[in-house]
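Structure data (mmCIF, C-alpha atoms) from run18.cif:
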data_entry
#
loop_
_atom_site.label_atom_id
_atom_site.label_comp_id
_atom_site.auth_asym_id
_atom_site.auth_seq_id
_atom_site.Cartn_x
_atom_site.Cartn_y
_atom_site.Cartn_z
CA MET A 884 121.65 -99.13 190.27
CA GLY A 885 125.26 -99.54 191.32
CA ASP A 886 124.06 -100.74 194.73
CA ARG A 887 121.78 -103.29 193.08
CA GLN A 888 118.71 -101.46 194.37
CA MET A 889 115.80 -99.69 192.73
CA ARG A 890 114.19 -96.56 194.13
CA MET A 891 110.45 -96.31 194.61
CA ASN A 892 108.81 -93.43 192.77
CA SER A 893 105.42 -91.81 192.26
CA THR A 894 105.16 -92.30 188.48
CA ARG A 895 101.78 -93.86 187.79
CA ASN A 896 101.14 -92.75 184.20
CA GLN A 897 103.77 -94.84 182.40
CA HIS A 898 104.55 -94.36 178.70
CA PHE A 899 105.42 -97.37 176.55
CA LEU A 900 106.42 -95.04 173.71
CA PRO A 901 108.32 -92.25 175.47
CA ARG A 902 107.15 -88.68 175.29
CA ILE A 903 110.41 -87.60 173.68
CA GLU A 904 109.74 -89.85 170.66
CA GLN A 905 106.23 -88.49 170.37
CA LYS A 906 107.67 -84.96 170.60
CA LEU A 907 109.67 -85.73 167.44
CA ASN A 908 106.28 -86.29 165.76
CA ALA A 909 104.40 -83.49 167.50
CA ILE A 910 102.09 -80.95 165.89
CA ASN A 911 103.74 -78.21 167.98
CA PRO A 912 107.29 -79.41 168.77
CA GLY A 913 108.37 -76.00 170.09
CA SER A 914 105.75 -75.87 172.85
CA ALA A 915 106.23 -76.62 176.53
CA SER A 916 106.31 -80.33 177.35
CA ASP A 917 102.84 -80.32 178.95
CA LYS A 918 101.35 -78.63 175.85
CA LEU A 919 102.75 -80.96 173.18
CA ARG A 920 100.12 -82.59 170.98
CA ILE A 921 100.04 -85.30 168.32
CA TYR A 922 97.39 -86.40 165.80
CA SER A 923 95.98 -89.90 166.26
CA PHE A 924 94.20 -91.97 163.64
CA ARG A 925 92.12 -95.06 164.33
CA ILE A 926 92.55 -97.92 161.86
CA GLN A 927 89.17 -98.49 160.23
CA GLU A 928 89.98 -100.97 157.45
CA ARG A 929 93.43 -102.48 157.67
CA GLU A 930 93.35 -104.21 154.29
CA SER A 931 92.50 -100.99 152.43
CA TYR A 932 94.67 -98.80 154.71
CA LYS A 933 91.73 -96.67 155.76
CA ILE A 934 92.40 -94.54 158.84
CA THR A 935 90.23 -91.92 160.54
CA LEU A 936 91.42 -88.82 162.38
CA GLU A 937 90.15 -88.94 165.97
CA ASN A 938 90.47 -85.30 167.02
CA HIS A 939 91.15 -82.24 164.86
CA ARG A 940 93.09 -80.66 167.72
CA GLY A 941 95.18 -83.76 168.31
CA HIS A 942 95.86 -85.35 171.71
CA LEU A 943 98.18 -84.33 174.51
CA ILE A 944 101.37 -86.38 174.39
CA SER A 945 101.48 -86.45 178.18
CA SER A 946 98.61 -88.95 178.18
CA THR A 947 99.12 -90.67 174.82
CA LEU A 948 100.67 -94.15 174.38
CA SER A 949 100.71 -94.71 178.12
CA MET A 950 98.86 -96.80 180.72
CA LEU A 951 98.42 -96.50 184.46
CA ASP A 952 100.92 -98.65 186.39
CA LEU A 953 101.82 -100.69 183.31
CA PHE A 954 105.33 -101.37 184.63
CA SER A 955 104.52 -101.31 188.37
CA PHE A 956 105.09 -104.51 190.29
CA ASP A 957 104.60 -103.54 193.94
CA VAL A 958 102.16 -100.79 194.92
CA PRO A 959 101.76 -100.42 198.72
CA LYS A 960 98.34 -99.52 200.07
CA GLY A 961 97.76 -95.83 199.69
CA GLY A 962 99.24 -95.94 196.20
CA ARG A 963 101.32 -92.73 196.32
CA ILE A 964 104.65 -94.42 195.56
CA ARG A 965 105.37 -97.72 193.87
CA MET A 966 108.09 -100.04 192.63
CA ASN A 967 108.24 -100.04 188.84
CA LEU A 968 110.66 -100.49 185.95
CA GLU A 969 110.78 -96.82 184.89
CA GLU A 970 114.32 -96.37 186.23
CA LEU A 971 115.62 -99.09 183.92
CA PHE A 972 114.30 -97.31 180.82
CA HIS A 973 115.85 -93.92 181.44
CA LYS A 974 119.36 -94.54 180.11
CA TYR A 975 117.94 -95.57 176.72
CA GLU A 976 115.47 -92.67 176.51
CA ALA A 977 117.81 -89.92 177.67
CA ASN A 978 119.56 -89.24 174.36
CA ILE A 979 116.87 -90.17 171.80
CA GLU A 980 116.25 -86.59 170.68
CA VAL A 981 119.95 -85.72 170.43
CA HIS A 982 120.83 -88.92 168.55
CA THR A 983 117.87 -88.54 166.18
CA LYS A 984 118.61 -84.94 165.27
CA ASN A 985 122.33 -85.67 164.92
CA LEU A 986 121.66 -88.69 162.71
CA VAL A 987 119.26 -86.87 160.38
CA GLU A 988 121.67 -83.96 160.07
CA LYS A 989 124.68 -86.21 159.41
CA LEU A 990 122.77 -88.28 156.87
CA SER A 991 121.68 -85.17 154.98
CA LYS A 992 125.37 -84.22 154.77
CA ARG A 993 126.35 -87.80 153.83
CA SER A 994 128.60 -88.08 156.89
CA SER A 995 129.87 -91.59 157.64
CA ASP A 996 130.51 -90.88 161.33
CA ILE A 997 127.15 -92.25 162.44
CA LYS A 998 127.73 -95.64 164.08
CA VAL A 999 127.06 -94.34 167.60
CA GLU A 1000 123.72 -92.83 166.61
CA VAL A 1001 122.71 -95.88 164.53
CA VAL A 1002 123.43 -98.37 167.32
CA GLU A 1003 122.10 -96.25 170.20
CA LEU A 1004 118.86 -95.49 168.38
CA PHE A 1005 118.37 -99.16 167.53
CA ALA A 1006 118.70 -99.98 171.23
CA ALA A 1007 116.10 -97.35 172.16
CA LYS A 1008 113.72 -98.49 169.42
CA LEU A 1009 114.12 -102.17 170.28
CA LEU A 1010 113.36 -101.33 173.90
CA ASN A 1011 110.11 -99.71 172.74
CA PHE A 1012 109.16 -103.01 171.12
CA ILE A 1013 110.11 -105.05 174.20
CA ARG A 1014 108.14 -102.87 176.63
CA ASN A 1015 105.12 -102.41 174.36
CA PRO A 1016 102.02 -104.01 175.91
CA TYR A 1017 100.64 -104.75 172.44
CA CYS A 1018 103.70 -106.90 171.66
CA ILE A 1019 103.84 -109.05 174.81
CA GLU A 1020 103.33 -112.46 173.18
CA LYS A 1021 105.85 -111.71 170.40
CA VAL A 1022 108.37 -110.46 172.96
CA LEU A 1023 108.05 -113.59 175.11
CA ASN A 1024 108.53 -115.75 172.01
CA SER A 1025 111.58 -113.70 170.98
CA PHE A 1026 113.51 -114.21 174.25
CA PRO A 1027 112.55 -117.69 175.51
CA LEU A 1028 115.84 -118.44 177.29
CA ILE A 1029 115.91 -115.26 179.36
CA GLU A 1030 112.64 -116.28 180.99
CA THR A 1031 114.44 -119.16 182.66
CA CYS A 1032 117.04 -116.90 184.33
CA GLU A 1033 117.09 -115.48 187.84
CA PRO A 1034 119.52 -112.97 189.38
CA VAL A 1035 122.44 -114.31 191.40
CA ASP A 1036 122.98 -111.00 193.19
CA GLN A 1037 120.93 -111.04 196.39
CA GLY A 1038 119.80 -107.42 196.08
CA LEU A 1039 118.49 -108.00 192.56
CA LEU A 1040 116.97 -111.33 193.57
CA ALA A 1041 114.96 -109.57 196.27
CA ILE A 1042 113.59 -107.11 193.67
CA TYR A 1043 112.89 -109.96 191.25
CA ARG A 1044 110.82 -111.74 193.91
CA ARG A 1045 108.78 -108.59 194.45
CA ILE A 1046 107.86 -108.77 190.76
CA LEU A 1047 106.43 -112.20 191.47
CA THR A 1048 104.71 -111.46 194.78
CA GLY A 1049 104.27 -107.68 195.04
CA ARG A 1050 100.90 -106.00 195.39
CA LYS A 1051 99.41 -105.13 191.97
CA PRO A 1052 95.90 -103.68 192.37
CA HIS A 1053 95.92 -102.72 188.68
CA GLN A 1054 96.69 -106.20 187.39
CA VAL A 1055 93.20 -107.63 186.83
CA HIS A 1056 91.91 -104.58 184.95
CA LEU A 1057 95.11 -104.18 182.93
CA CYS A 1058 95.21 -107.82 181.84
CA LYS A 1059 91.55 -107.67 180.82
CA GLU A 1060 92.23 -104.53 178.76
CA LEU A 1061 95.22 -106.17 177.04
CA GLY A 1062 93.54 -109.55 176.59
CA ILE A 1063 96.31 -111.48 178.37
CA SER A 1064 96.45 -113.74 181.41
CA GLU A 1065 97.87 -112.56 184.72
CA GLU A 1066 100.57 -115.20 184.39
CA THR A 1067 101.60 -113.78 181.00
CA TYR A 1068 101.77 -110.27 182.48
CA ILE A 1069 104.11 -111.43 185.26
CA ARG A 1070 106.28 -113.34 182.78
CA TRP A 1071 106.65 -110.15 180.74
CA LEU A 1072 107.61 -108.02 183.76
CA ARG A 1073 110.17 -110.66 184.77
CA LEU A 1074 111.62 -110.68 181.25
CA LEU A 1075 111.91 -106.88 181.18
CA PHE A 1076 113.71 -106.90 184.51
CA MET A 1077 116.13 -109.64 183.54
CA LEU A 1078 116.93 -107.97 180.23
CA LEU A 1079 117.47 -104.48 181.61
CA ALA A 1080 118.78 -104.82 185.16
CA PRO A 1081 122.57 -104.29 185.43
CA LEU A 1082 123.47 -107.71 186.77
CA SER A 1083 127.00 -106.62 187.72
CA SER A 1084 129.18 -103.53 187.45
CA ALA A 1085 131.69 -105.44 185.30
CA HIS A 1086 129.28 -106.74 182.66
CA PRO A 1087 126.66 -105.17 180.39
CA THR A 1088 123.00 -105.94 180.78
CA MET A 1089 121.53 -108.85 178.85
CA PHE A 1090 119.80 -106.29 176.64
CA GLU A 1091 123.12 -104.65 175.71
CA GLY A 1092 124.46 -108.12 174.98
CA VAL A 1093 121.57 -108.64 172.54
CA ILE A 1094 122.35 -105.34 170.77
CA ASN A 1095 126.07 -106.05 170.52
CA GLY A 1096 125.35 -109.57 169.31
CA LEU A 1097 123.21 -108.33 166.44
CA PHE A 1098 125.74 -105.81 165.16
CA GLU A 1099 128.87 -107.93 165.76
CA ASN A 1100 127.59 -111.38 164.76
CA ARG A 1101 129.96 -112.71 162.10
CA ASN A 1102 127.25 -114.93 160.62
CA THR A 1103 125.10 -111.95 159.68
CA GLN A 1104 125.50 -108.55 158.07
CA ALA A 1105 123.74 -105.43 159.32
CA PHE A 1106 122.30 -103.05 156.75
CA VAL A 1107 120.63 -99.75 157.58
CA LEU A 1108 118.41 -97.79 155.18
CA ALA A 1109 117.43 -94.27 156.17
CA TRP A 1110 114.65 -92.36 154.42
CA ILE A 1111 114.38 -88.59 154.80
CA TYR A 1112 111.59 -86.25 153.62
CA ASP A 1113 111.11 -82.50 153.36
CA GLU A 1114 107.62 -82.51 154.90
CA ASP A 1115 105.80 -84.12 157.84
CA CYS A 1116 104.47 -87.39 156.43
CA VAL A 1117 105.88 -90.36 158.40
CA LEU A 1118 103.53 -92.42 160.58
CA LEU A 1119 104.25 -93.66 164.10
CA SER A 1120 102.83 -97.05 165.15
CA ASP A 1121 101.19 -97.73 168.51
CA ARG A 1122 103.43 -100.82 168.54
CA GLY A 1123 106.52 -98.71 167.85
CA PHE A 1124 107.79 -100.78 164.90
CA CYS A 1125 106.92 -102.67 161.75
CA GLN A 1126 108.73 -105.33 159.73
CA VAL A 1127 109.88 -105.19 156.12
CA LEU A 1128 110.80 -108.89 155.91
CA PRO A 1129 108.87 -111.89 157.26
CA ASP A 1130 110.14 -113.76 160.30
CA GLY A 1131 112.81 -116.30 159.44
CA ASN A 1132 116.60 -116.50 159.24
CA HIS A 1133 116.79 -112.77 158.52
CA MET A 1134 115.69 -110.11 160.97
CA SER A 1135 114.27 -106.72 160.03
CA MET A 1136 112.63 -103.89 161.93
CA SER A 1137 111.53 -100.47 160.71
CA PHE A 1138 111.08 -97.48 162.99
CA ASN A 1139 109.84 -93.93 162.89
CA LEU A 1140 112.73 -91.53 163.54
CA CYS A 1141 110.68 -88.35 163.48
CA SER A 1142 107.87 -86.77 161.48
CA THR A 1143 110.15 -86.48 158.43
CA ALA A 1144 112.23 -89.68 158.57
CA PHE A 1145 112.13 -93.43 159.16
CA ILE A 1146 114.80 -96.12 159.29
CA ASP A 1147 115.07 -99.80 158.36
CA TYR A 1148 117.43 -102.16 160.18
CA ILE A 1149 118.06 -105.45 158.34
CA PHE A 1150 120.26 -108.26 159.63
CA LEU A 1151 120.86 -110.74 156.81
CA ASP A 1152 121.93 -114.32 157.48
CA ALA A 1153 124.96 -114.93 155.27
CA GLU A 1154 124.39 -118.63 154.63
CA THR A 1155 120.77 -118.08 153.63
CA VAL A 1156 121.77 -115.35 151.18
CA MET A 1157 124.60 -117.37 149.59
CA LYS A 1158 123.48 -121.00 149.63
CA ASP A 1159 121.40 -120.94 146.44
CA ARG A 1160 124.10 -119.09 144.52
CA MET A 1161 127.07 -121.45 144.84
CA SER A 1162 128.14 -125.06 145.43
CA PRO A 1163 128.62 -126.34 149.02
CA GLU A 1164 132.42 -126.25 148.65
CA VAL A 1165 132.47 -122.67 147.41
CA LEU A 1166 129.86 -121.72 150.02
CA ASN A 1167 132.07 -122.89 152.90
CA GLY A 1168 134.99 -120.84 151.62
CA ALA A 1169 132.82 -117.79 151.10
CA LEU A 1170 131.35 -118.08 154.59
CA ASN A 1171 134.82 -118.35 156.13
CA LEU A 1172 135.86 -115.15 154.37
CA TRP A 1173 132.63 -113.48 155.45
CA ARG A 1174 133.26 -114.36 159.11
CA LYS A 1175 136.77 -112.85 158.97
CA ARG A 1176 135.53 -109.45 157.78
CA PRO A 1177 135.67 -106.40 160.09
CA VAL A 1178 132.47 -105.84 162.07
CA THR A 1179 133.25 -102.30 163.18
CA THR A 1180 131.37 -100.62 160.34
CA VAL A 1181 127.67 -100.38 159.58
CA ASN A 1182 126.41 -100.20 155.99
CA VAL A 1183 124.04 -97.23 155.70
CA THR A 1184 122.09 -96.16 152.60
CA VAL A 1185 120.31 -92.81 152.53
CA LYS A 1186 117.36 -91.88 150.31
CA GLU A 1187 115.56 -88.55 150.17
CA ASN A 1188 111.91 -87.90 149.27
CA ASP A 1189 111.29 -91.39 147.87
CA ARG A 1190 107.49 -91.46 147.69
CA ASP A 1191 107.19 -95.17 146.85
CA ALA A 1192 109.24 -96.10 149.93
CA LEU A 1193 107.09 -93.80 152.07
CA VAL A 1194 103.90 -95.46 150.81
CA ARG A 1195 105.32 -98.90 151.61
CA TYR A 1196 106.44 -97.84 155.07
CA ASN A 1197 103.20 -96.09 156.05
CA ARG A 1198 101.19 -99.09 154.84
CA HIS A 1199 103.41 -101.44 156.83
CA VAL A 1200 102.82 -99.28 159.90
CA ILE A 1201 99.06 -99.66 159.50
CA GLU A 1202 99.41 -103.41 158.97
CA TRP A 1203 101.49 -103.86 162.13
CA SER A 1204 99.73 -101.41 164.47
CA ARG A 1205 97.17 -102.64 166.95
CA GLU A 1206 94.55 -99.89 166.86
CA ARG A 1207 96.08 -96.51 166.03
CA VAL A 1208 98.76 -94.68 164.12
CA TYR A 1209 100.08 -91.19 164.83
CA CYS A 1210 101.46 -88.31 162.80
CA ALA A 1211 102.43 -84.62 162.91
CA THR A 1212 100.03 -83.89 160.06
CA LYS A 1213 96.33 -84.58 159.73
CA SER A 1214 96.14 -84.09 155.98
CA GLY A 1215 99.53 -85.14 154.58
CA VAL A 1216 99.56 -88.87 155.36
CA VAL A 1217 100.83 -90.57 152.19
CA LEU A 1218 99.26 -94.00 151.60
CA SER A 1219 99.08 -94.26 147.81
#

Before we go any further, please render this structure as structure tokens.
Amino acid sequence: MGDRQMRMNSTRNQHFLPRIEQKLNAINPGSASDKLRIYSFRIQERESYKITLENHRGHLISSTLSMLDLFSFDVPKGGRIRMNLEELFHKYEANIEVHTKNLVEKLSKRSSDIKVEVVELFAAKLLNFIRNPYCIEKVLNSFPLIETCEPVDQGLLAIYRRILTGRKPHQVHLCKELGISEETYIRWLRLLFMLLAPLSSAHPTMFEGVINGLFENRNTQAFVLAWIYDEDCVLLSDRGFCQVLPDGNHMSMSFNLCSTAFIDYIFLDAETVMKDRMSPEVLNGALNLWRKRPVTTVNVTVKENDRDALVRYNRHVIEWSRERVYCATKSGVVLS
């Protein structure tokens, strides 16, 4: 988008959890892309973690975790091509498989050269949360200031206005299916555009600013916990994430990496952690030292085949998912 334009395309079936991530949880990961399948389970009783397999053959990934024209904002009559946000997602999706496989391999060897993979994967996973139609209200609440922004660049402003006024024949049905108002849907599309559009060639996107801010904020400390298993057993949420800590001063998000691994990202607020452990005078000194520390490293802890952690994670996935969870196995889901 160096010319501040977006190309129209014919993509109508739009994934909110990309096919490449589902491939990492596929029943048959070595098959051709149009043959890849994944097992889906409907949540029957959330409180007791009861899930039911929907199809013993699994479902084709090509049509799973996707909706028609979800990210389209101007569909001319005839409907063959449309304006949508798919182009803005590509740069974050492109290297998911490579980064995931590299990270799991490096972690198994206890390599410390993993910051690129850790940060890039967090960006891709956070994007999955932001563009997930089952998370729209939470996303809008998470980025309230960005909603008030508009592009200064005239080319981007013209695209932005098409989000507001473009033809959307799918909108009424889609909003009814998601249980949201048409106004909320437009607000979400605007937010996605403002976060992901490259506002200038000299500056990162707002989304990249968010990522950098989380990892380089001197008032917080980033911790990463990676959990690796020998067998397929890790669930994938239809919302793409779950939380290990409640909302508050700290931030935490857990994500499926692949069928044999998941990862926790935790950003701890320093003052909250320290304030009950020392006097105000000592606290101020400790916080000043904390803020002077290097922010170029990421603390990563690796655990292998920890069953208790797997149970906690898979249960959290069920708690946070909307309707379904997914897995590469139909009989090895560990919940107790």

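Using all atoms listed in the file, the contacts of A:Leu951 at a cut-off of 7 Å, with sequence neighbours closer than 6 positions omitted, comprise Arg895, Asn896 and Gln897 of chain A.
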
List the residues matched by the PyMOL selection byres ((chain A and resi 1001) around 9) in the displayed structure as a compact mmCIF listing (two decimals) with C-alpha atoms, keeping the file's coordinate frame, ordered by chain and then by residue number.
# COMPACT_ATOMS: atom_id res chain seq x y z
CA HIS A 982 120.83 -88.92 168.55
CA THR A 983 117.87 -88.54 166.18
CA LEU A 986 121.66 -88.69 162.71
CA ILE A 997 127.15 -92.25 162.44
CA LYS A 998 127.73 -95.64 164.08
CA VAL A 999 127.06 -94.34 167.60
CA GLU A 1000 123.72 -92.83 166.61
CA VAL A 1002 123.43 -98.37 167.32
CA GLU A 1003 122.10 -96.25 170.20
CA LEU A 1004 118.86 -95.49 168.38
CA PHE A 1005 118.37 -99.16 167.53
CA ALA A 1006 118.70 -99.98 171.23
CA VAL A 1107 120.63 -99.75 157.58
CA VAL A 1181 127.67 -100.38 159.58

Box time for stretch 1186-1203 of chain A: axis-aligned, enclosing all its listed atoms, 3 Å extra on each side; report centre and edge lengths in Å to one decimal, as JSON.
{"center_x": 108.2, "center_y": -95.9, "center_z": 154.5, "size_x": 24.3, "size_y": 22.0, "size_z": 21.3}

Task: Residues near A:His942, cut-off 8 Å, only C-alpha atoms, skip fewer than 6 positions along chain, as number ranges by chain - done: A: 920-923

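Considering only C-alpha atoms, the residue among A:Gln905, A:Asp1036, A:Ile1042, A:Ala1007 positioned nearest to A:Arg890 is A:Ile1042.
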